[in-house]
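Enquirer: Below are the structure tokens for one structure; questions will follow.
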Amino acid sequence: MNVPHSPESENNKPKVLATMAKNAVANLFRTGTGWVIVLFLPPLLVRVLDKPTYGVWLLLLQLAAYITVFDGGVQIAVARYVARAESLQDRKYLARFLSSAGMLMVAAAVATALLAVLGSWQLGHVFKEIPISIAPSARQALLIIGMSVALTLPFSVLAGFFVGIQRNEMTAFATSVGKFSGALGIAWAAYHHQGLLAMATWVGLGNIVQCVIYWVFWSREGRRDTLRYSCAERALAREFLLFYAAMFVAQFSSILITGMDLPIVAAFDFRAASYYGVAVLLSNVLIVPFAAIVSTLLPVASGISASEDPQRLGQVLLKTTRFASALLCVITLPLLLLMPVFLRIWVGTDYATHTLLLAQTLVVAQCLRLTMMPYAMIGFAAGQQPRMLVAPVVEAIVNVSCSLALVQFIGAHGVALGTLIGALVGISLHFTVSLPRTDCVLLSRTELLWQGILKQFAFTVPLLVLALLTTRWISSSIFQVALAACAELALFALLWSRSFDSGERDQLRGLVKHFARVS
């Protein structure tokens with residue numbers, strides 16, 4: 001059944017666009033900070049650290065990242081509840097929920113600290129190729145990083161609150177300052193050859209700075225009465241856990257999909273661990289701007305899902321998938337074309353030679369997986385994430401299985417190939433299994449596949465192949481950059497004229513204007 005659009009809702013569209021633009025800018029600023037760190041910190045580290053030490057450092061960060069993945073999921077889950085409580089203006093419910101979620105996160109922090117102790121103790125037994133000379137400092141570094149990450153978990157409730165009331169600039173500032181503080185300290189410690197322990201200490205200090213900023217913002221918000229132990233309720237905590245359980249399964253699958261690659265390489269092909277770590281960092285360049293923009297869909301989709309209008313949500317899904325796929329293509333094309341030049345400048349010839357194929361494979365795999373992010377966001381906003389779990393779970397199993405099998409024959413390249421195979425399986429299962437089960441959206445799967453994804457890639461792939469073949473005859477880096485710029489302009493023109501109708505082009509112009517005003 002269609003819900004008619006009132007004139008009032010039409011008049012709110014500019015306000016919604018302005019809010020989305022503001023939040024997207026804040027998200028870009030927050031994730032852009034990480035992007036800047038990724039661009040400038042690795043070139044220093046690869047030049048002042050030997051390959052085994054750098055490989056171990058990346059491994060430690062990857063192990064710690066397992067917790068930060070769950071931390072981000074908690075923020076999103078809290079934001080959903082907060083957004084709904086704010087729309088109902090139910091302050092008492094908000095206090096009960098935040099207090100209950102906060103108690104859960106304190107318990108999670110204690111469990112994480114215990115896991116950090118266990119991981120530090122067993123690090124050398126699991127990764128036996130870690131050199132004996134750096135093994136003790138590696139264990140101590142993992143313990144410090146793990147403890148500091150555990151400390152941040154209770155503060156994820158505050159971060160989720162700010163996202164829920166669409167004050168993303170708060171989380172952007174706290175995260176950016178914390179990351180910059182840690183990154184500057186890491187660079188200083190590495191440049192002065194102070195070792196893994198000093199570098200890990202700076203990571204911990206950056207995490208503490210982030211927590212302090214969250215608490216300052218929370219105190220100034222004037223809602224300290226909404227976070228008290230006396231307000232916590234077991235029933236609400238159980239409800240939140242049940243809601244988050246499906247998301248936990250999806251996030252755990254995500255860890256198996258992308259987070260197990262480096263540990264597998266470190267365990268079976270340790271000499272390639274530093275190269276693979278650089279390839280992973282480069283593939284994340286694709287995720288940073290894309291996720292920052294698309295994640296602003298969550299509060300909007302939550303509001304629409306409350307009206308229980310599957311047809312309208314289906315149209316939202318189609319449009320956002322089309323926009324998202326176009327954005328992916330616009331980012332991926334120059335990334336793949338300029339990757340050889342960038343790697344040589346970024347980390348040097350040796351790393352560029354050994355990393356190129358790994359990075360190209362991982363970028364393609366990430367690009368394919370991210371096409372389904374709008375669908376995942378809308379399904380989550382509508383509370384139907386349990387019906388979407390088959391695809392990520394099976395993708396994780398296929399990814400890890402293929403990676404473990406192929407690494408025996410072709411080393412690290414087999415792990416990257418396993419990620420690509422898993423991405424293809426995951427997309428297929430979303431269309432064949434998940435979409436028919438999520439009744440929150442009413443939409444033809446064929447229309448979504450063609451109009452939302454394949455049409456954008458049909459413009460991109462020929463341009464990419466033609467440009468890659470042309471670069472074989474061009475040795476000058478300047479001409480390669482010029483060729484990539486021409487290909488990018490051609491792709492943008494094709495997408496603008498062929499993928500979007502006049503109404504959508506007007507909406508994009510309006511969104512860009514709001515971006516410009518916010519910036």
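Ligands are numbered from 1 in the order shown, residues from 1 within each chain, and chains are lettered A, B, ... in the order they appear in the structure tokens.
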Applying 7 Å and only C-alpha atoms, which residues near range 240-245 of chain A remain after dropping the ones on its own chain fewer than 4 positions away? List them as a ChimeraX atom specification.

Expert: /A:77,236,249

Enquirer: Would you list the contacts of Met103 in chain A as a count of residues only, taking every protein, DNA or RNA residue within 9 Å and counting only C-alpha atoms, but skipping same-chain residues closer than 5 positions in sequence?

Expert: 6

Enquirer: Sorted by chain and rising residue number, list the residues of range 157-215 of chain A at most 12 Å from range 220-224 of chain A (counting only C-alpha atoms), each with its closest atom pair and distance in Å to one decimal, as a tab-separated table.

Expert:
residue	atom	partner	partner_atom	distance
A:Leu158	CA	A:Arg224	CA	10.6
A:Phe161	CA	A:Arg223	CA	10.7
A:Phe162	CA	A:Glu221	CA	9.7
A:Ile165	CA	A:Glu221	CA	11.3
A:Arg167	CA	A:Glu221	CA	11.0
A:Met170	CA	A:Glu221	CA	10.8
A:Ile213	CA	A:Arg220	CA	10.8
A:Tyr214	CA	A:Arg220	CA	10.0
A:Trp215	CA	A:Arg220	CA	8.6

Enquirer: Figure out the distance between CA of Ala458 in chain A and CA of Asp501 in chain A, please, to one decimal in Å.

Expert: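 Straight-line distance from CA of Asp501 in chain A to CA of Ala458 in chain A works out to 17.4 Å.
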
Enquirer: Give me the residues within 9 Å of range 105-107 of chain A as a list in words, counting only C-alpha atoms and dropping any in the same chain fewer than 5 places off.

Expert: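 Listing them by chain and then by number gives Val74, Ser100, Thr112, Ala150, Leu151, Leu153, Pro154, Phe155, Ser156 and Val157 of chain A.
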
Enquirer: Write to file, as an mmCIF file, in the first residue's frame, the residues of the selection just made, with N, CA and C atoms.

Expert:
data_model
loop_
_atom_site.group_PDB
_atom_site.id
_atom_site.type_symbol
_atom_site.label_atom_id
_atom_site.label_comp_id
_atom_site.auth_asym_id
_atom_site.auth_seq_id
_atom_site.Cartn_x
_atom_site.Cartn_y
_atom_site.Cartn_z
ATOM 1 N N VAL A 74 28.154 -1.305 17.357
ATOM 2 C CA VAL A 74 27.408 -0.855 18.538
ATOM 3 C C VAL A 74 26.939 0.580 18.346
ATOM 4 N N SER A 100 21.104 0.974 29.946
ATOM 5 C CA SER A 100 21.192 -0.482 29.759
ATOM 6 C C SER A 100 22.305 -0.832 28.784
ATOM 7 N N THR A 112 36.862 -7.857 26.751
ATOM 8 C CA THR A 112 37.880 -7.510 25.767
ATOM 9 C C THR A 112 39.261 -7.430 26.407
ATOM 10 N N ALA A 150 39.690 -1.702 24.594
ATOM 11 C CA ALA A 150 38.648 -2.117 25.535
ATOM 12 C C ALA A 150 38.064 -0.903 26.255
ATOM 13 N N LEU A 151 38.922 0.066 26.571
ATOM 14 C CA LEU A 151 38.459 1.266 27.259
ATOM 15 C C LEU A 151 37.463 2.054 26.425
ATOM 16 N N LEU A 153 35.122 0.968 24.449
ATOM 17 C CA LEU A 153 33.817 0.340 24.221
ATOM 18 C C LEU A 153 32.662 1.026 24.952
ATOM 19 N N PRO A 154 32.772 1.340 26.252
ATOM 20 C CA PRO A 154 31.641 2.037 26.894
ATOM 21 C C PRO A 154 31.336 3.388 26.256
ATOM 22 N N PHE A 155 32.349 4.040 25.713
ATOM 23 C CA PHE A 155 32.135 5.353 25.104
ATOM 24 C C PHE A 155 31.487 5.253 23.725
ATOM 25 N N SER A 156 31.401 4.030 23.180
ATOM 26 C CA SER A 156 30.706 3.860 21.903
ATOM 27 C C SER A 156 29.216 4.161 22.053
ATOM 28 N N VAL A 157 28.681 4.040 23.273
ATOM 29 C CA VAL A 157 27.285 4.394 23.519
ATOM 30 C C VAL A 157 27.098 5.901 23.322
#

Enquirer: I'd like to know which of A:Ala291, A:Val56, A:Leu41, A:Ala352 is closest to Arg271 in chain A, using only C-alpha atoms.

Expert: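 Between A:Ala291, A:Val56, A:Leu41, A:Ala352, the residue approaching Arg271 in chain A most closely is A:Val56.
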
Enquirer: Please provide as an mmCIF file with C-alpha atoms, in the first residue's frame all residues within 12 Å of range 188-193 of chain A, with the sequence filter that same-chain residues fewer than 3 positions apart are discarded (counting only C-alpha atoms).

Expert:
data_model
loop_
_atom_site.group_PDB
_atom_site.id
_atom_site.type_symbol
_atom_site.label_atom_id
_atom_site.label_comp_id
_atom_site.auth_asym_id
_atom_site.auth_seq_id
_atom_site.Cartn_x
_atom_site.Cartn_y
_atom_site.Cartn_z
ATOM 1 C CA LEU A 41 52.174 7.209 7.840
ATOM 2 C CA PRO A 42 52.982 4.020 5.834
ATOM 3 C CA PRO A 43 55.612 5.749 3.604
ATOM 4 C CA LEU A 44 57.498 6.676 6.777
ATOM 5 C CA LEU A 45 57.104 3.293 8.445
ATOM 6 C CA VAL A 46 58.193 1.241 5.420
ATOM 7 C CA ARG A 47 61.374 3.311 5.255
ATOM 8 C CA VAL A 48 62.343 3.254 8.942
ATOM 9 C CA LEU A 49 61.148 -0.240 9.906
ATOM 10 C CA ASP A 50 62.447 -3.502 8.482
ATOM 11 C CA THR A 53 58.813 -5.445 12.103
ATOM 12 C CA TYR A 54 56.421 -3.603 9.806
ATOM 13 C CA TRP A 57 52.967 -3.966 13.389
ATOM 14 C CA SER A 181 47.325 12.217 18.242
ATOM 15 C CA GLY A 182 48.118 8.537 17.951
ATOM 16 C CA ALA A 183 49.488 8.809 14.407
ATOM 17 C CA LEU A 184 51.849 11.664 15.240
ATOM 18 C CA GLY A 185 53.139 9.714 18.213
ATOM 19 C CA LEU A 196 56.796 -1.525 18.812
ATOM 20 C CA LEU A 197 56.070 -0.905 22.486
ATOM 21 C CA ALA A 198 56.445 2.877 22.183
ATOM 22 C CA MET A 199 54.360 2.916 18.998
ATOM 23 C CA ALA A 200 51.596 0.934 20.729
ATOM 24 C CA THR A 201 51.659 3.319 23.699
ATOM 25 C CA TRP A 202 50.886 6.217 21.366
ATOM 26 C CA VAL A 203 47.966 4.268 19.892
#

Enquirer: For a quick check of understanding, using only C-alpha atoms, which of A:Gly259, A:Ser477, A:Leu313, A:Glu447 has the smallest distance to Arg344 in chain A?

Expert: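 Closest to Arg344 in chain A of all the choices is A:Ser477.
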
Enquirer: As a VMD selection string, list the residues of range 154-226 of chain A assigned to helix (DSSP H, G or I) by DSSP on the backbone atoms of this structure.

Expert: chain A and resid 156 to 164 168 to 191 196 to 221 224 to 226

Enquirer: Which is closer to His413 in chain A than all the others in A:Ile264, A:Met247, A:Leu448, A:Leu443, using only C-alpha atoms?

Expert: A:Ile264

Enquirer: Name the residues in contact with range 90-93 of chain A at a cut-off of 10 Å, using only C-alpha atoms, excluding same-chain residues fewer than 2 positions from it; report them as a PDB file with N, CA, C and O atoms, in the first residue's frame.

Expert:
ATOM      1  N   TYR A  81      18.252   3.137  17.899  1.00  0.00           N
ATOM      2  CA  TYR A  81      17.330   3.277  19.017  1.00  0.00           C
ATOM      3  C   TYR A  81      17.174   4.742  19.430  1.00  0.00           C
ATOM      4  O   TYR A  81      16.072   5.196  19.759  1.00  0.00           O
ATOM      5  N   VAL A  82      18.286   5.463  19.428  1.00  0.00           N
ATOM      6  CA  VAL A  82      18.233   6.876  19.820  1.00  0.00           C
ATOM      7  C   VAL A  82      17.377   7.675  18.839  1.00  0.00           C
ATOM      8  O   VAL A  82      16.567   8.523  19.231  1.00  0.00           O
ATOM      9  N   ARG A  84      14.917   6.683  17.019  1.00  0.00           N
ATOM     10  CA  ARG A  84      13.498   6.394  17.225  1.00  0.00           C
ATOM     11  C   ARG A  84      12.982   7.041  18.519  1.00  0.00           C
ATOM     12  O   ARG A  84      11.868   7.556  18.561  1.00  0.00           O
ATOM     13  N   ALA A  85      13.784   7.012  19.574  1.00  0.00           N
ATOM     14  CA  ALA A  85      13.367   7.637  20.832  1.00  0.00           C
ATOM     15  C   ALA A  85      13.231   9.145  20.671  1.00  0.00           C
ATOM     16  O   ALA A  85      12.299   9.759  21.216  1.00  0.00           O
ATOM     17  N   GLU A  86      14.148   9.741  19.908  1.00  0.00           N
ATOM     18  CA  GLU A  86      14.082  11.182  19.682  1.00  0.00           C
ATOM     19  C   GLU A  86      12.848  11.556  18.860  1.00  0.00           C
ATOM     20  O   GLU A  86      12.221  12.584  19.100  1.00  0.00           O
ATOM     21  N   SER A  87      12.516  10.724  17.869  1.00  0.00           N
ATOM     22  CA  SER A  87      11.336  11.033  17.050  1.00  0.00           C
ATOM     23  C   SER A  87      10.050  10.960  17.868  1.00  0.00           C
ATOM     24  O   SER A  87       9.085  11.672  17.599  1.00  0.00           O
ATOM     25  N   LEU A  88      10.050  10.086  18.900  1.00  0.00           N
ATOM     26  CA  LEU A  88       8.885   9.966  19.785  1.00  0.00           C
ATOM     27  C   LEU A  88       8.968  10.919  20.976  1.00  0.00           C
ATOM     28  O   LEU A  88       8.019  11.014  21.758  1.00  0.00           O
ATOM     29  N   ALA A  95      16.657   7.306  28.439  1.00  0.00           N
ATOM     30  CA  ALA A  95      17.514   7.117  29.615  1.00  0.00           C
ATOM     31  C   ALA A  95      17.650   5.635  29.952  1.00  0.00           C
ATOM     32  O   ALA A  95      18.755   5.152  30.257  1.00  0.00           O
ATOM     33  N   ARG A  96      16.538   4.912  29.905  1.00  0.00           N
ATOM     34  CA  ARG A  96      16.590   3.480  30.225  1.00  0.00           C
ATOM     35  C   ARG A  96      17.432   2.733  29.209  1.00  0.00           C
ATOM     36  O   ARG A  96      18.226   1.851  29.569  1.00  0.00           O
ATOM     37  N   PHE A  97      17.264   3.094  27.929  1.00  0.00           N
ATOM     38  CA  PHE A  97      18.014   2.386  26.897  1.00  0.00           C
ATOM     39  C   PHE A  97      19.512   2.681  26.986  1.00  0.00           C
ATOM     40  O   PHE A  97      20.336   1.761  26.958  1.00  0.00           O
ATOM     41  N   LEU A  98      19.886   3.961  27.060  1.00  0.00           N
ATOM     42  CA  LEU A  98      21.310   4.316  27.098  1.00  0.00           C
ATOM     43  C   LEU A  98      21.996   3.709  28.320  1.00  0.00           C
ATOM     44  O   LEU A  98      23.137   3.221  28.221  1.00  0.00           O
ATOM     45  N   SER A  99      21.318   3.719  29.445  1.00  0.00           N
ATOM     46  CA  SER A  99      21.909   3.154  30.657  1.00  0.00           C
ATOM     47  C   SER A  99      22.088   1.642  30.523  1.00  0.00           C
ATOM     48  O   SER A  99      23.116   1.084  30.938  1.00  0.00           O
ATOM     49  N   ARG A 223      22.602  16.084  29.110  1.00  0.00           N
ATOM     50  CA  ARG A 223      21.737  14.899  29.250  1.00  0.00           C
ATOM     51  C   ARG A 223      22.391  13.848  30.147  1.00  0.00           C
ATOM     52  O   ARG A 223      22.174  12.652  29.961  1.00  0.00           O
ATOM     53  N   ASP A 225      21.686  13.007  32.956  1.00  0.00           N
ATOM     54  CA  ASP A 225      20.705  12.243  33.710  1.00  0.00           C
ATOM     55  C   ASP A 225      20.157  11.058  32.931  1.00  0.00           C
ATOM     56  O   ASP A 225      19.459  10.209  33.497  1.00  0.00           O
ATOM     57  N   THR A 226      20.460  10.992  31.628  1.00  0.00           N
ATOM     58  CA  THR A 226      19.970   9.871  30.815  1.00  0.00           C
ATOM     59  C   THR A 226      20.945   8.698  30.802  1.00  0.00           C
ATOM     60  O   THR A 226      20.717   7.713  30.097  1.00  0.00           O
ATOM     61  N   CYS A 231      19.017   3.536  36.075  1.00  0.00           N
ATOM     62  CA  CYS A 231      18.054   3.489  34.963  1.00  0.00           C
ATOM     63  C   CYS A 231      18.179   2.217  34.128  1.00  0.00           C
ATOM     64  O   CYS A 231      17.329   1.944  33.272  1.00  0.00           O
ATOM     65  N   LEU A 236      15.506  -4.331  28.753  1.00  0.00           N
ATOM     66  CA  LEU A 236      15.988  -3.504  27.645  1.00  0.00           C
ATOM     67  C   LEU A 236      17.358  -3.964  27.174  1.00  0.00           C
ATOM     68  O   LEU A 236      17.645  -3.947  25.972  1.00  0.00           O
TER      69      LEU A 236
END

Enquirer: Show me, as a PDB file with N, CA and C atoms, in the first residue's frame, the residues that have an atom within 12 Å of Ile427 in chain A when counting only C-alpha atoms, minus same-chain residues fewer than 5 positions from it.

Expert:
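See around35.pdb below for the written result:
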ATOM      1  N   ALA A 365      37.539  -6.682  -5.375  1.00  0.00           N
ATOM      2  CA  ALA A 365      36.676  -7.419  -4.450  1.00  0.00           C
ATOM      3  C   ALA A 365      35.881  -6.459  -3.560  1.00  0.00           C
ATOM      4  N   GLN A 366      36.552  -5.426  -3.053  1.00  0.00           N
ATOM      5  CA  GLN A 366      35.859  -4.449  -2.211  1.00  0.00           C
ATOM      6  C   GLN A 366      34.781  -3.720  -3.001  1.00  0.00           C
ATOM      7  N   CYS A 367      35.087  -3.345  -4.226  1.00  0.00           N
ATOM      8  CA  CYS A 367      34.123  -2.637  -5.064  1.00  0.00           C
ATOM      9  C   CYS A 367      32.861  -3.473  -5.258  1.00  0.00           C
ATOM     10  N   LEU A 368      33.031  -4.747  -5.523  1.00  0.00           N
ATOM     11  CA  LEU A 368      31.869  -5.626  -5.725  1.00  0.00           C
ATOM     12  C   LEU A 368      31.051  -5.754  -4.441  1.00  0.00           C
ATOM     13  N   ARG A 369      31.718  -5.953  -3.314  1.00  0.00           N
ATOM     14  CA  ARG A 369      31.005  -6.137  -2.050  1.00  0.00           C
ATOM     15  C   ARG A 369      30.221  -4.888  -1.666  1.00  0.00           C
ATOM     16  N   LEU A 370      30.796  -3.709  -1.911  1.00  0.00           N
ATOM     17  CA  LEU A 370      30.173  -2.467  -1.472  1.00  0.00           C
ATOM     18  C   LEU A 370      28.918  -2.107  -2.258  1.00  0.00           C
ATOM     19  N   THR A 371      28.692  -2.746  -3.400  1.00  0.00           N
ATOM     20  CA  THR A 371      27.471  -2.461  -4.160  1.00  0.00           C
ATOM     21  C   THR A 371      26.214  -2.813  -3.358  1.00  0.00           C
ATOM     22  N   MET A 372      26.335  -3.725  -2.403  1.00  0.00           N
ATOM     23  CA  MET A 372      25.175  -4.151  -1.612  1.00  0.00           C
ATOM     24  C   MET A 372      25.047  -3.383  -0.296  1.00  0.00           C
ATOM     25  N   MET A 373      25.891  -2.400  -0.075  1.00  0.00           N
ATOM     26  CA  MET A 373      25.824  -1.659   1.188  1.00  0.00           C
ATOM     27  C   MET A 373      24.502  -0.900   1.376  1.00  0.00           C
ATOM     28  N   TYR A 375      21.535  -1.747   0.371  1.00  0.00           N
ATOM     29  CA  TYR A 375      20.556  -2.764   0.754  1.00  0.00           C
ATOM     30  C   TYR A 375      20.749  -3.182   2.204  1.00  0.00           C
ATOM     31  N   ALA A 376      22.009  -3.365   2.615  1.00  0.00           N
ATOM     32  CA  ALA A 376      22.283  -3.745   4.001  1.00  0.00           C
ATOM     33  C   ALA A 376      21.845  -2.656   4.970  1.00  0.00           C
ATOM     34  N   MET A 388      18.938 -11.392   6.443  1.00  0.00           N
ATOM     35  CA  MET A 388      19.977 -11.097   5.450  1.00  0.00           C
ATOM     36  C   MET A 388      21.298 -11.789   5.778  1.00  0.00           C
ATOM     37  N   VAL A 390      22.330 -15.007   5.597  1.00  0.00           N
ATOM     38  CA  VAL A 390      22.849 -16.150   4.827  1.00  0.00           C
ATOM     39  C   VAL A 390      24.021 -15.713   3.939  1.00  0.00           C
ATOM     40  N   ALA A 391      23.856 -14.581   3.262  1.00  0.00           N
ATOM     41  CA  ALA A 391      24.892 -14.135   2.322  1.00  0.00           C
ATOM     42  C   ALA A 391      26.224 -13.857   3.010  1.00  0.00           C
ATOM     43  N   PRO A 392      26.285 -13.032   4.062  1.00  0.00           N
ATOM     44  CA  PRO A 392      27.594 -12.781   4.674  1.00  0.00           C
ATOM     45  C   PRO A 392      28.202 -13.998   5.344  1.00  0.00           C
ATOM     46  N   VAL A 393      27.367 -14.854   5.936  1.00  0.00           N
ATOM     47  CA  VAL A 393      27.912 -16.045   6.591  1.00  0.00           C
ATOM     48  C   VAL A 393      28.535 -16.989   5.571  1.00  0.00           C
ATOM     49  N   VAL A 394      27.811 -17.258   4.485  1.00  0.00           N
ATOM     50  CA  VAL A 394      28.351 -18.154   3.453  1.00  0.00           C
ATOM     51  C   VAL A 394      29.562 -17.510   2.770  1.00  0.00           C
ATOM     52  N   GLU A 395      29.488 -16.198   2.528  1.00  0.00           N
ATOM     53  CA  GLU A 395      30.643 -15.512   1.929  1.00  0.00           C
ATOM     54  C   GLU A 395      31.881 -15.665   2.815  1.00  0.00           C
ATOM     55  N   LEU A 420      38.146 -12.258  -3.420  1.00  0.00           N
ATOM     56  CA  LEU A 420      37.373 -11.943  -4.626  1.00  0.00           C
ATOM     57  C   LEU A 420      36.296 -13.002  -4.884  1.00  0.00           C
ATOM     58  N   ILE A 421      36.640 -14.264  -4.730  1.00  0.00           N
ATOM     59  CA  ILE A 421      35.660 -15.338  -4.926  1.00  0.00           C
ATOM     60  C   ILE A 421      34.522 -15.206  -3.914  1.00  0.00           C
ATOM     61  N   GLY A 422      34.870 -14.923  -2.663  1.00  0.00           N
ATOM     62  CA  GLY A 422      33.855 -14.752  -1.642  1.00  0.00           C
ATOM     63  C   GLY A 422      32.913 -13.598  -1.933  1.00  0.00           C
ATOM     64  N   THR A 432      19.661 -13.917  -4.602  1.00  0.00           N
ATOM     65  CA  THR A 432      18.867 -15.144  -4.713  1.00  0.00           C
ATOM     66  C   THR A 432      18.213 -15.562  -3.402  1.00  0.00           C
ATOM     67  N   VAL A 433      18.781 -15.186  -2.259  1.00  0.00           N
ATOM     68  CA  VAL A 433      18.264 -15.646  -0.968  1.00  0.00           C
ATOM     69  C   VAL A 433      17.744 -14.489  -0.114  1.00  0.00           C
ATOM     70  N   SER A 434      18.567 -13.470   0.073  1.00  0.00           N
ATOM     71  CA  SER A 434      18.221 -12.403   1.034  1.00  0.00           C
ATOM     72  C   SER A 434      17.075 -11.524   0.549  1.00  0.00           C
ATOM     73  N   LEU A 435      17.162 -11.030  -0.677  1.00  0.00           N
ATOM     74  CA  LEU A 435      16.141 -10.099  -1.174  1.00  0.00           C
ATOM     75  C   LEU A 435      14.721 -10.677  -1.146  1.00  0.00           C
ATOM     76  N   LEU A 449      19.275  -5.207 -10.090  1.00  0.00           N
ATOM     77  CA  LEU A 449      20.568  -5.667 -10.592  1.00  0.00           C
ATOM     78  C   LEU A 449      21.025  -4.849 -11.793  1.00  0.00           C
ATOM     79  N   ILE A 453      23.101  -1.624 -10.493  1.00  0.00           N
ATOM     80  CA  ILE A 453      24.514  -2.019 -10.453  1.00  0.00           C
ATOM     81  C   ILE A 453      25.128  -2.189 -11.839  1.00  0.00           C
TER      82      ILE A 453
END

Enquirer: Mind pulling up the distance from CA of Val316 in chain A to CA of Ser497 in chain A?

Expert: 20.4 Å

Enquirer: Taking only C-alpha atoms into account, name the residue in A:Gln75, A:Ser283, A:Gln140, A:Thr361 that is nearest to Thr171 in chain A.

Expert: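 Result for the nearest residue to Thr171 in chain A: A:Gln75.
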
Enquirer: Mind giving me the straight-line distance from CA of Met377 in chain A to CA of Ile287 in chain A in Å, one decimal?

Expert: 14.9 Å
